[in-house]
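Colleague: Just final.cif, nothing more (mmCIF, C-alpha atoms):
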data_entry
#
loop_
_atom_site.label_atom_id
_atom_site.label_comp_id
_atom_site.auth_asym_id
_atom_site.auth_seq_id
_atom_site.Cartn_x
_atom_site.Cartn_y
_atom_site.Cartn_z
CA MET L 1 0.00 0.00 0.00
CA ASP L 2 2.84 2.36 0.88
CA GLY L 3 4.62 1.45 -2.38
CA ALA L 4 1.50 2.27 -4.46
CA ARG L 5 1.06 5.50 -2.56
CA GLY L 6 4.69 6.44 -3.20
CA ALA L 7 4.43 5.67 -6.90
CA PHE L 8 1.29 7.77 -7.17
CA LEU L 9 2.91 10.72 -5.40
CA SER L 10 6.07 10.48 -7.48
CA HIS L 11 3.96 10.45 -10.63
CA VAL L 12 1.99 13.45 -9.49
CA GLY L 13 5.20 15.18 -8.49
CA LYS L 14 6.60 14.82 -11.98
CA ASP L 15 3.38 16.17 -13.58
CA PRO L 16 1.37 18.66 -11.40
CA ASN L 17 -1.54 18.49 -13.86
CA SER L 18 -1.87 14.72 -13.54
CA LEU L 19 -4.07 14.92 -10.45
CA HIS L 20 -6.41 17.32 -12.21
CA LYS L 21 -6.57 15.09 -15.28
CA ILE L 22 -7.27 12.02 -13.17
CA ALA L 23 -10.11 13.85 -11.38
CA GLU L 24 -11.66 14.97 -14.67
CA ARG L 25 -11.45 11.49 -16.14
CA SER L 26 -12.99 9.94 -13.01
CA TYR L 27 -15.82 12.53 -13.01
CA GLY L 28 -16.47 11.89 -16.72
CA ASP L 29 -16.66 8.14 -16.16
CA LEU L 30 -19.00 8.71 -13.25
CA MET L 31 -21.29 10.95 -15.32
CA ASN L 32 -21.38 8.46 -18.19
CA GLN L 33 -22.23 5.72 -15.75
CA SER L 34 -25.00 7.86 -14.23
CA ARG L 35 -26.48 8.54 -17.65
CA HIS L 36 -26.36 4.84 -18.43
CA ILE L 37 -28.11 3.95 -15.13
CA GLN L 38 -30.79 6.60 -15.68
CA LYS L 39 -31.40 5.29 -19.19
CA VAL L 40 -31.76 1.75 -17.88
CA LEU L 41 -34.14 2.93 -15.17
CA ASP L 42 -36.22 4.88 -17.70
CA ASN L 43 -36.45 1.88 -19.99
CA PHE L 44 -37.31 -0.41 -17.11
CA THR L 45 -39.96 1.97 -15.83
CA SER L 46 -41.60 2.33 -19.25
CA LYS L 47 -41.60 -1.42 -19.74
CA GLN L 48 -43.03 -2.01 -16.29
CA ILE L 49 -45.75 0.57 -16.87
CA ALA L 50 -46.73 -1.11 -20.15
CA ASN L 51 -46.84 -4.53 -18.48
CA ASN L 52 -48.89 -3.22 -15.58
CA ARG L 53 -51.38 -1.62 -17.96
CA LEU L 54 -51.66 -4.83 -19.96
CA TRP L 55 -52.22 -6.83 -16.80
CA LEU L 56 -54.79 -4.35 -15.48
CA LYS L 57 -56.62 -4.31 -18.84
CA ALA L 58 -57.04 -8.08 -18.60
CA SER L 59 -58.59 -7.70 -15.14
CA ILE L 60 -60.88 -4.88 -16.32
CA ASP L 61 -62.08 -6.89 -19.33
CA THR L 62 -62.84 -9.88 -17.08
CA VAL L 63 -64.75 -7.70 -14.61
CA ARG L 64 -66.80 -6.18 -17.45
CA LEU L 65 -67.64 -9.64 -18.76
CA PHE L 66 -68.71 -10.93 -15.35
CA ALA L 67 -70.75 -7.79 -14.59
CA HIS L 68 -72.51 -8.00 -17.96
CA GLN L 69 -73.34 -11.70 -17.54
CA GLY L 70 -74.16 -11.46 -13.81
CA ILE L 71 -71.56 -14.08 -12.84
CA ALA L 72 -70.27 -14.48 -9.29
CA PHE L 73 -66.62 -13.40 -8.88
CA ARG L 74 -65.36 -15.11 -5.76
CA GLY L 75 -64.49 -18.73 -5.08
CA ARG L 76 -64.51 -20.76 -1.88
CA ASP L 77 -60.72 -21.17 -1.90
CA GLU L 78 -58.63 -18.69 -3.91
CA SER L 79 -55.23 -19.74 -2.54
CA ALA L 80 -52.40 -20.58 -4.94
CA SER L 81 -52.66 -24.28 -4.07
CA SER L 82 -56.40 -24.47 -4.76
CA MET L 83 -57.60 -26.64 -7.66
CA ASN L 84 -60.41 -24.15 -8.36
CA ARG L 85 -59.70 -20.56 -7.40
CA GLY L 86 -63.10 -19.17 -8.37
CA ASN L 87 -64.67 -17.82 -11.54
CA PHE L 88 -62.69 -14.60 -11.79
CA LEU L 89 -59.17 -15.98 -11.33
CA GLU L 90 -59.81 -19.12 -13.38
CA THR L 91 -61.30 -17.14 -16.29
CA LEU L 92 -58.49 -14.58 -16.14
CA ASN L 93 -55.80 -17.27 -16.23
CA TYR L 94 -57.58 -19.13 -19.01
CA GLY L 95 -57.78 -16.02 -21.17
CA MET L 96 -54.15 -15.14 -20.54
CA SER L 97 -53.01 -18.63 -21.53
CA PHE L 98 -53.69 -17.79 -25.20
CA SER L 99 -50.99 -15.09 -25.20
CA GLU L 100 -47.32 -16.01 -24.78
CA LYS L 101 -46.59 -12.47 -23.65
CA MET L 102 -49.22 -12.72 -20.92
CA VAL L 103 -47.86 -16.12 -19.83
CA ASP L 104 -44.38 -14.62 -19.42
CA LEU L 105 -45.91 -11.65 -17.67
CA ILE L 106 -47.65 -13.93 -15.16
CA LYS L 107 -44.40 -15.74 -14.39
CA ASN L 108 -42.44 -12.54 -13.80
CA ALA L 109 -45.20 -10.45 -12.20
CA PRO L 110 -44.52 -9.19 -8.68
CA LYS L 111 -46.74 -10.72 -6.04
CA ASN L 112 -47.87 -7.31 -4.79
CA ALA L 113 -49.06 -6.06 -8.21
CA THR L 114 -51.28 -8.74 -9.72
CA TYR L 115 -54.40 -6.51 -9.89
CA THR L 116 -56.64 -9.47 -9.09
CA SER L 117 -57.50 -9.04 -5.41
CA PRO L 118 -61.12 -8.61 -4.28
CA ILE L 119 -60.30 -4.99 -3.42
CA ILE L 120 -59.14 -4.32 -6.98
CA GLN L 121 -62.20 -6.09 -8.39
CA LYS L 122 -64.49 -3.87 -6.32
CA GLU L 123 -62.59 -0.73 -7.33
CA ILE L 124 -62.93 -1.64 -11.01
CA LEU L 125 -66.66 -2.30 -10.54
CA HIS L 126 -67.02 1.02 -8.74
CA VAL L 127 -65.31 2.87 -11.60
CA ILE L 128 -67.55 1.15 -14.16
CA SER L 129 -70.72 1.90 -12.17
CA THR L 130 -69.67 5.52 -11.75
CA LYS L 131 -69.21 5.92 -15.50
CA VAL L 132 -72.61 4.33 -16.17
CA GLN L 133 -74.31 6.62 -13.65
CA LYS L 134 -72.57 9.60 -15.24
CA GLU L 135 -73.96 8.62 -18.64
CA ILE L 136 -77.46 8.28 -17.14
CA ARG L 137 -77.15 11.70 -15.50
CA GLU L 138 -76.11 13.31 -18.80
CA GLU L 139 -79.02 11.58 -20.55
CA ILE L 140 -81.51 12.99 -18.03
CA GLY L 141 -80.16 16.52 -18.23
CA ASP L 142 -82.74 19.00 -16.87
CA ALA L 143 -85.73 16.78 -17.67
CA LYS L 144 -88.48 16.03 -15.17
CA PHE L 145 -88.40 12.47 -13.93
CA TYR L 146 -90.53 9.81 -12.26
CA LEU L 147 -89.21 8.05 -9.17
CA ILE L 148 -89.63 4.26 -8.88
CA VAL L 149 -88.41 2.66 -5.64
CA ASP L 150 -88.63 -0.77 -4.08
CA GLU L 151 -86.79 -2.49 -1.28
CA ALA L 152 -85.93 -6.12 -0.64
CA ARG L 153 -83.67 -8.23 1.54
CA ASP L 154 -80.63 -9.78 -0.12
CA GLU L 155 -78.88 -13.08 0.61
CA SER L 156 -76.79 -11.51 3.36
CA MET L 157 -79.99 -10.39 5.15
CA ARG L 158 -79.30 -6.71 4.42
CA GLU L 159 -82.15 -4.45 3.38
CA GLN L 160 -81.45 -3.01 -0.07
CA MET L 161 -83.32 -0.23 -1.85
CA ALA L 162 -83.38 -0.10 -5.67
CA ILE L 163 -83.94 3.22 -7.43
CA VAL L 164 -85.14 3.57 -11.02
CA LEU L 165 -85.74 6.86 -12.84
CA ARG L 166 -88.26 7.20 -15.67
CA PHE L 167 -87.99 10.23 -17.92
CA VAL L 168 -88.36 11.54 -21.46
CA ASN L 169 -85.00 12.01 -23.18
CA LYS L 170 -84.07 14.81 -25.57
CA ASP L 171 -85.28 12.74 -28.55
CA GLY L 172 -88.76 12.43 -27.05
CA PHE L 173 -88.53 8.76 -26.04
CA VAL L 174 -89.53 7.45 -22.62
CA ARG L 175 -86.59 5.82 -20.87
CA GLU L 176 -86.24 3.93 -17.62
CA ARG L 177 -82.76 3.80 -16.10
CA PHE L 178 -81.65 1.81 -13.08
CA LEU L 179 -79.67 4.33 -11.05
CA GLY L 180 -78.42 2.06 -8.31
CA VAL L 181 -78.94 0.07 -5.11
CA ALA L 182 -78.46 1.50 -1.64
CA HIS L 183 -78.28 -0.29 1.70
CA VAL L 184 -80.76 0.99 4.28
CA PRO L 185 -80.65 0.02 7.97
CA ASP L 186 -84.46 -0.21 8.11
CA THR L 187 -87.56 0.39 5.99
CA ILE L 188 -88.97 3.30 7.96
CA SER L 189 -90.29 5.90 5.51
CA ILE L 190 -88.05 8.72 6.78
CA THR L 191 -84.97 6.49 6.36
CA LEU L 192 -85.94 5.68 2.78
CA LYS L 193 -86.62 9.35 2.03
CA ASN L 194 -83.25 10.49 3.39
CA GLU L 195 -81.39 7.84 1.40
CA ILE L 196 -83.25 8.71 -1.82
CA TYR L 197 -82.52 12.42 -1.37
CA SER L 198 -78.87 11.66 -0.67
CA ILE L 199 -78.56 9.71 -3.94
CA LEU L 200 -80.38 12.39 -5.94
CA PHE L 201 -78.20 15.15 -4.48
CA HIS L 202 -75.08 13.08 -5.20
CA HIS L 203 -76.03 13.06 -8.88
CA SER L 204 -77.09 16.74 -8.85
CA LEU L 205 -80.74 15.87 -9.49
CA ASN L 206 -83.20 18.47 -8.23
CA ILE L 207 -86.03 16.96 -6.18
CA GLN L 208 -88.33 19.67 -7.52
CA ASN L 209 -88.09 17.92 -10.89
CA ILE L 210 -89.83 14.82 -9.52
CA ARG L 211 -93.17 14.44 -11.27
CA GLY L 212 -94.28 11.07 -9.97
CA GLN L 213 -93.69 8.32 -7.43
CA GLY L 214 -94.17 4.61 -8.05
CA TYR L 215 -94.05 2.22 -5.08
CA ASP L 216 -95.84 -0.88 -3.91
CA GLY L 217 -98.85 -0.81 -1.63
CA VAL L 218 -97.34 -1.40 1.81
CA SER L 219 -98.10 1.20 4.46
CA ASN L 220 -94.57 2.61 4.81
CA MET L 221 -94.62 3.44 1.08
CA ARG L 222 -98.17 4.56 0.31
CA GLY L 223 -99.21 5.88 3.74
CA GLY L 224 -101.11 9.17 3.35
CA TRP L 225 -99.59 10.79 6.46
CA ASN L 226 -96.22 9.24 7.25
CA GLY L 227 -95.61 7.10 4.18
CA LEU L 228 -92.75 7.74 1.78
CA GLN L 229 -95.06 9.17 -0.86
CA ALA L 230 -96.47 11.69 1.63
CA LEU L 231 -93.01 12.82 2.79
CA VAL L 232 -91.83 13.36 -0.79
CA SER L 233 -95.09 15.09 -1.75
CA ASN L 234 -94.64 17.56 1.10
CA ASP L 235 -91.33 18.69 -0.42
CA CYS L 236 -92.45 18.43 -4.04
CA PRO L 237 -96.22 18.93 -4.53
CA TYR L 238 -96.09 17.77 -8.19
CA ALA L 239 -94.67 14.33 -7.27
CA TYR L 240 -97.95 12.43 -7.57
CA TYR L 241 -98.02 8.93 -6.16
CA ILE L 242 -99.30 6.06 -8.32
CA HIS L 243 -99.60 2.55 -6.97
CA CYS L 244 -97.97 0.11 -9.42
CA PHE L 245 -100.72 -0.89 -11.88
CA VAL L 246 -99.28 -4.37 -12.34
CA HIS L 247 -99.26 -4.86 -8.58
CA ILE L 248 -102.86 -3.63 -8.33
CA LEU L 249 -103.93 -6.04 -11.08
CA GLN L 250 -102.09 -8.87 -9.37
CA LEU L 251 -103.71 -8.16 -5.99
CA ALA L 252 -107.15 -7.85 -7.59
CA LEU L 253 -106.82 -11.18 -9.41
CA VAL L 254 -105.53 -12.99 -6.33
CA ALA L 255 -108.36 -11.57 -4.21
CA ALA L 256 -110.98 -12.37 -6.87
CA SER L 257 -109.74 -15.94 -7.30
CA LYS L 258 -110.04 -16.57 -3.56
CA GLU L 259 -113.62 -15.29 -3.52
CA VAL L 260 -114.76 -17.88 -6.11
CA GLY L 261 -114.74 -21.29 -4.47
CA VAL L 262 -114.10 -23.48 -7.53
CA ILE L 263 -111.23 -21.26 -8.72
CA HIS L 264 -109.71 -21.18 -5.24
CA CYS L 265 -109.87 -24.99 -5.03
CA PHE L 266 -108.41 -25.34 -8.52
CA PHE L 267 -105.37 -23.19 -7.74
CA ALA L 268 -104.97 -25.03 -4.42
CA LYS L 269 -104.86 -28.43 -6.17
CA LEU L 270 -102.69 -27.46 -9.16
CA PRO L 271 -99.37 -26.92 -7.32
CA LYS L 272 -99.86 -30.13 -5.30
CA ILE L 273 -100.33 -32.15 -8.47
CA VAL L 274 -97.28 -30.53 -10.03
CA THR L 275 -95.20 -31.36 -6.94
CA ILE L 276 -96.32 -34.99 -6.89
CA ALA L 277 -95.71 -35.47 -10.62
CA ASP L 278 -92.07 -34.28 -10.58
CA ALA L 279 -91.14 -34.75 -6.92
CA SER L 280 -87.94 -36.66 -7.72
CA CYS L 281 -85.32 -36.95 -10.44
CA LYS L 282 -86.74 -40.34 -11.39
CA ARG L 283 -90.25 -38.94 -11.94
CA PHE L 284 -88.80 -35.96 -13.78
CA GLU L 285 -87.03 -38.28 -16.22
CA GLU L 286 -90.17 -40.40 -16.61
CA LEU L 287 -92.14 -37.24 -17.35
CA LYS L 288 -89.71 -36.28 -20.12
CA LEU L 289 -89.82 -39.79 -21.61
CA ALA L 290 -93.62 -39.80 -21.58
CA GLN L 291 -93.67 -36.36 -23.19
CA ALA L 292 -91.22 -37.46 -25.90
CA SER L 293 -93.42 -40.49 -26.61
CA ASP L 294 -96.50 -38.25 -26.93
CA ILE L 295 -94.71 -35.89 -29.31
CA GLU L 296 -93.54 -38.80 -31.45
CA TYR L 297 -97.08 -40.22 -31.66
CA LEU L 298 -98.68 -36.85 -32.51
CA LEU L 299 -96.10 -36.24 -35.21
CA SER L 300 -96.83 -39.68 -36.72
CA ILE L 301 -100.53 -38.83 -37.11
CA ASN L 302 -99.77 -35.26 -38.30
CA GLU L 303 -101.33 -33.63 -35.24
CA LEU L 304 -98.20 -31.55 -34.64
CA GLU L 305 -96.24 -29.36 -37.00
CA SER L 306 -92.60 -30.37 -37.33
CA GLY L 307 -89.71 -27.99 -37.80
CA SER L 308 -86.62 -26.47 -36.25
CA GLY L 309 -87.25 -25.25 -32.70
CA LEU L 310 -90.70 -26.84 -32.46
CA ASN L 311 -91.89 -29.56 -30.06
CA GLN L 312 -89.22 -28.97 -27.44
CA LEU L 313 -89.39 -30.91 -24.20
CA SER L 314 -90.65 -28.80 -21.28
CA THR L 315 -91.40 -29.18 -17.58
CA LEU L 316 -94.29 -28.60 -15.22
CA GLN L 317 -94.19 -25.21 -13.51
CA GLY L 318 -95.60 -23.97 -10.25
CA HIS L 319 -97.09 -20.57 -9.50
CA ALA L 320 -96.95 -17.88 -6.81
CA ASP L 321 -99.45 -15.22 -5.78
CA THR L 322 -96.78 -12.52 -5.97
CA ARG L 323 -96.09 -13.34 -9.62
CA TRP L 324 -99.48 -13.55 -11.32
CA SER L 325 -98.02 -14.27 -14.74
CA SER L 326 -96.67 -17.51 -13.28
CA HIS L 327 -100.29 -18.79 -13.13
CA LEU L 328 -100.52 -18.75 -16.92
CA ARG L 329 -97.20 -20.56 -17.28
CA SER L 330 -98.25 -23.20 -14.76
CA ILE L 331 -101.63 -23.80 -16.46
CA SER L 332 -100.10 -23.89 -19.95
CA SER L 333 -97.45 -26.41 -18.89
CA MET L 334 -100.09 -28.66 -17.30
CA ILE L 335 -102.20 -28.62 -20.49
CA LYS L 336 -99.15 -29.40 -22.61
CA LEU L 337 -97.99 -32.23 -20.34
CA PHE L 338 -101.43 -33.48 -19.27
CA SER L 339 -101.09 -36.92 -20.92
CA ALA L 340 -97.48 -37.37 -19.79
CA THR L 341 -98.41 -36.38 -16.23
CA CYS L 342 -101.19 -38.98 -16.18
CA VAL L 343 -98.73 -41.67 -17.34
CA VAL L 344 -96.27 -40.80 -14.55
CA LEU L 345 -98.96 -40.72 -11.86
CA LEU L 346 -100.35 -44.10 -12.96
CA LYS L 347 -96.85 -45.57 -12.81
CA VAL L 348 -96.24 -44.17 -9.33
CA LYS L 349 -99.66 -45.45 -8.30
CA VAL L 350 -98.51 -48.99 -9.13
CA GLU L 351 -94.78 -48.97 -8.34
CA GLY L 352 -94.45 -46.44 -5.51
CA ASN L 353 -94.48 -47.07 -1.77
CA SER L 354 -97.64 -46.80 0.32
CA SER L 355 -97.57 -43.00 0.77
CA GLN L 356 -96.53 -42.37 -2.84
CA ARG L 357 -99.30 -44.62 -4.15
CA GLY L 358 -101.87 -42.72 -2.12
CA GLU L 359 -100.63 -39.31 -3.32
CA ALA L 360 -100.47 -40.44 -6.94
CA LYS L 361 -103.99 -41.94 -6.72
CA TRP L 362 -105.39 -38.68 -5.34
CA ALA L 363 -103.57 -36.51 -7.91
CA TYR L 364 -104.65 -38.70 -10.85
CA GLU L 365 -108.29 -38.79 -9.78
CA GLU L 366 -108.39 -35.02 -9.18
CA MET L 367 -106.81 -33.99 -12.48
CA THR L 368 -108.95 -36.32 -14.58
CA THR L 369 -112.24 -34.93 -13.30
CA PHE L 370 -114.38 -32.87 -15.68
CA GLU L 371 -114.34 -29.92 -13.27
CA PHE L 372 -110.51 -29.78 -13.13
CA VAL L 373 -110.07 -30.10 -16.91
CA PHE L 374 -112.78 -27.50 -17.54
CA MET L 375 -111.19 -25.06 -15.08
CA LEU L 376 -107.78 -25.73 -16.63
CA HIS L 377 -108.91 -24.52 -20.07
CA LEU L 378 -111.20 -21.78 -18.74
CA MET L 379 -108.47 -20.25 -16.58
CA LYS L 380 -106.02 -20.38 -19.46
CA GLU L 381 -108.35 -18.24 -21.56
CA ILE L 382 -108.80 -15.77 -18.69
CA MET L 383 -105.09 -15.73 -17.91
CA LEU L 384 -104.26 -14.97 -21.55
CA ILE L 385 -106.41 -11.84 -21.35
CA THR L 386 -104.96 -10.70 -18.03
CA ASP L 387 -101.42 -11.55 -19.14
CA PHE L 388 -101.84 -9.32 -22.20
CA LEU L 389 -102.98 -6.51 -19.89
CA TRP L 390 -100.17 -7.29 -17.46
CA GLN L 391 -97.59 -7.01 -20.25
CA ALA L 392 -99.08 -3.70 -21.40
CA LEU L 393 -98.93 -2.28 -17.87
#
What's the structure tokens form of this structure?
Modeller:
Amino acid sequence: MDGARGAFLSHVGKDPNSLHKIAERSYGDLMNQSRHIQKVLDNFTSKQIANNRLWLKASIDTVRLFAHQGIAFRGRDESASSMNRGNFLETLNYGMSFSEKMVDLIKNAPKNATYTSPIIQKEILHVISTKVQKEIREEIGDAKFYLIVDEARDESMREQMAIVLRFVNKDGFVRERFLGVAHVPDTISITLKNEIYSILFHHSLNIQNIRGQGYDGVSNMRGGWNGLQALVSNDCPYAYYIHCFVHILQLALVAASKEVGVIHCFFAKLPKIVTIADASCKRFEELKLAQASDIEYLLSINELESGSGLNQLSTLQGHADTRWSSHLRSISSMIKLFSATCVVLLKVKVEGNSSQRGEAKWAYEEMTTFEFVFMLHLMKEIMLITDFLWQAL
């Protein structure tokens, strides 16, 4: 070390400018190296940004697809060792497998920047919903609008309120737009009113432009003193309340059917017969086989028209008082599958156990009576008329 130091000093002593030249050369090398490092960093950053955008675009496209199709995102086990990591991750990986660049990107991607976490999924959904709501707001403009609200409990037992706006756009066409869903802690009318106003204010919609209210007939919605419609009408006198016409028709038909004894008995028997006829997978398969045999026979005697899309196999359907159109579907399916249903019930009557034989015997005897068959066709004609009105409303 001392020898090297001595040689350096002797060299400097011979040439006083040597030290200055050495310093300049060292500084120049350092600057060149710095430029080189900065260039590498710039290139790396640009490449990383492009890769991140490509990766994020894949996640956004998958979220858009799932939102459009109404597909669930999450899986039961989304860990790296899981054989099925859920719809979102499996679909994303499947789509990326068609691109070699994306496959390499997956292998080299940092673990903290995959853009696939549930938080990222929700943020992407929020951005998409915000853009959709912005488009709806621009479409409404300064137009007067009609407020349609309903609330229901979701699978997580949380009360949710859906808001739909009906208005006339600038081209003169009536439009209905689903503005969003809001969680409400309860269904008290003042709570619903405050939440509705909050959403309208958020989208810069003036409550004085409300020209109508459409709710169902429960007291917290239609109440003349403390109902939601009354609270809104107090603030906006032109917001007239109209009970949903379809709901009124439904309630009227249900009430009328219960007042007529034979109709009430008919609709009490129909769902029981449907349940007995396709109560198990075995009976369901027998019902399809009997229906296929009927179709084949009717085609052989030219009682049915053949062609693409015709004579498809169908199933028996039940009905519910809250969905009056379901009555027509249930009656129509029973008429279409009447013969096949009789075949299945007769088979169960012979081959089933003691309780099944008794149920099948009762169902077969009830549905083959003149009164039941007459009511079946009569109610179909009535339901066709009411269904046409229901669709118009």
Colleague: List every protein, DNA or RNA residue that has an atom no more than 12 Å from (-82.7, 11.3, 0.8) in the file's coordinate frame, counting only C-alpha atoms, and report them as a list in words.
Modeller: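 The distance filter leaves exactly Met161, Ile163, Ala182, Val184, Ser189, Ile190, Thr191, Leu192, Lys193, Asn194, Glu195, Ile196, Tyr197, Ser198, Ile199, Leu200, Phe201, His202, His203, Leu205, Asn206, Ile207, Leu228, Leu231, Val232 and Asp235 of chain L.
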Colleague: Would you write out, as JSON, numbers by chain, every residue that the PyMOL selection byres ((chain L and resi 78) around 12) captures in this file?
Modeller: {"L": [73, 74, 75, 76, 77, 79, 80, 81, 82, 83, 84, 85, 86, 87, 88, 89, 90, 116, 117, 118]}
Colleague: Once you have the residues from the selection above, write them out as a short mmCIF file (atom, residue, chain, number, x, y, z; two decimals), in the coordinates of the input, restricted to C-alpha atoms.
Modeller:
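This went into part-v6.cif:
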data_model
loop_
_atom_site.label_atom_id
_atom_site.label_comp_id
_atom_site.auth_asym_id
_atom_site.auth_seq_id
_atom_site.Cartn_x
_atom_site.Cartn_y
_atom_site.Cartn_z
CA PHE L 73 -66.62 -13.40 -8.88
CA ARG L 74 -65.36 -15.11 -5.76
CA GLY L 75 -64.49 -18.73 -5.08
CA ARG L 76 -64.51 -20.76 -1.88
CA ASP L 77 -60.72 -21.17 -1.90
CA SER L 79 -55.23 -19.74 -2.54
CA ALA L 80 -52.40 -20.58 -4.94
CA SER L 81 -52.66 -24.28 -4.07
CA SER L 82 -56.40 -24.47 -4.76
CA MET L 83 -57.60 -26.64 -7.66
CA ASN L 84 -60.41 -24.15 -8.36
CA ARG L 85 -59.70 -20.56 -7.40
CA GLY L 86 -63.10 -19.17 -8.37
CA ASN L 87 -64.67 -17.82 -11.54
CA PHE L 88 -62.69 -14.60 -11.79
CA LEU L 89 -59.17 -15.98 -11.33
CA GLU L 90 -59.81 -19.12 -13.38
CA THR L 116 -56.64 -9.47 -9.09
CA SER L 117 -57.50 -9.04 -5.41
CA PRO L 118 -61.12 -8.61 -4.28
#
Colleague: Provide the atom CA of L:Thr114 to atom CA of L:Ser59 distance in Å, to one decimal place.
Modeller: 9.2 Å
Colleague: What's the separation between atom CA of L:Thr315 and atom CA of L:Lys288, in Å to one decimal place?
Modeller: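 Taking atom CA of L:Thr315 and atom CA of L:Lys288, their separation equals 7.7 Å.
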Colleague: Hey, what comes out of the PyMOL selection byres ((chain L and resi 140-155) around 8) on this file? Could you write it as a short mmCIF file (atom, residue, chain, number, x, y, z; two decimals) with C-alpha atoms, in the frame of the given file?
Modeller:
data_model
loop_
_atom_site.label_atom_id
_atom_site.label_comp_id
_atom_site.auth_asym_id
_atom_site.auth_seq_id
_atom_site.Cartn_x
_atom_site.Cartn_y
_atom_site.Cartn_z
CA ILE L 136 -77.46 8.28 -17.14
CA ARG L 137 -77.15 11.70 -15.50
CA GLU L 138 -76.11 13.31 -18.80
CA GLU L 139 -79.02 11.58 -20.55
CA SER L 156 -76.79 -11.51 3.36
CA MET L 157 -79.99 -10.39 5.15
CA ARG L 158 -79.30 -6.71 4.42
CA GLU L 159 -82.15 -4.45 3.38
CA GLN L 160 -81.45 -3.01 -0.07
CA MET L 161 -83.32 -0.23 -1.85
CA ALA L 162 -83.38 -0.10 -5.67
CA ILE L 163 -83.94 3.22 -7.43
CA VAL L 164 -85.14 3.57 -11.02
CA LEU L 165 -85.74 6.86 -12.84
CA ARG L 166 -88.26 7.20 -15.67
CA PHE L 167 -87.99 10.23 -17.92
CA VAL L 168 -88.36 11.54 -21.46
CA ASN L 169 -85.00 12.01 -23.18
CA THR L 187 -87.56 0.39 5.99
CA ASN L 209 -88.09 17.92 -10.89
CA ILE L 210 -89.83 14.82 -9.52
CA ARG L 211 -93.17 14.44 -11.27
CA GLY L 212 -94.28 11.07 -9.97
CA GLN L 213 -93.69 8.32 -7.43
CA GLY L 214 -94.17 4.61 -8.05
CA TYR L 215 -94.05 2.22 -5.08
CA ASP L 216 -95.84 -0.88 -3.91
CA ALA L 239 -94.67 14.33 -7.27
#
Colleague: Can you work out the spacing between atom CA of L:Asp186 and atom CA of L:Ile119 in Å, to one decimal?
Modeller: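 We find that atom CA of L:Asp186 and atom CA of L:Ile119 lie 27.2 Å from each other.
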Colleague: Taking only C-alpha atoms into account, which of L:Arg175, L:His377, L:Lys269, L:Arg222 comes nearest L:Cys244?
Modeller: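 Distance minimum relative to L:Cys244 lands on L:Arg222.
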Colleague: Report the residues retrieved by the PyMOL selection byres ((chain L and resi 250-253) around 12) from the displayed file, expressed as an NGL selection string.
Modeller: :L and (216-217 or 243-249 or 254-260 or 263-264 or 320-327 or 379 or 382-383 or 385-387 or 389-391 or 393)
Colleague: Nearest residue to L:Met375 out of L:Cys265, L:Val63, L:Ala230, L:Glu123, using all atoms listed in the file?
Modeller: L:Cys265
Colleague: Using all atoms listed in the file, give me every residue within 7 Å of (-67.7, -4.3, -12.7) in file coordinates, as a list in words.
Modeller: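 Protein and nucleic acid residues near the point are Val63, Arg64, Ala67, Ile124, Leu125, His126, Ile128 and Ser129 of chain L.
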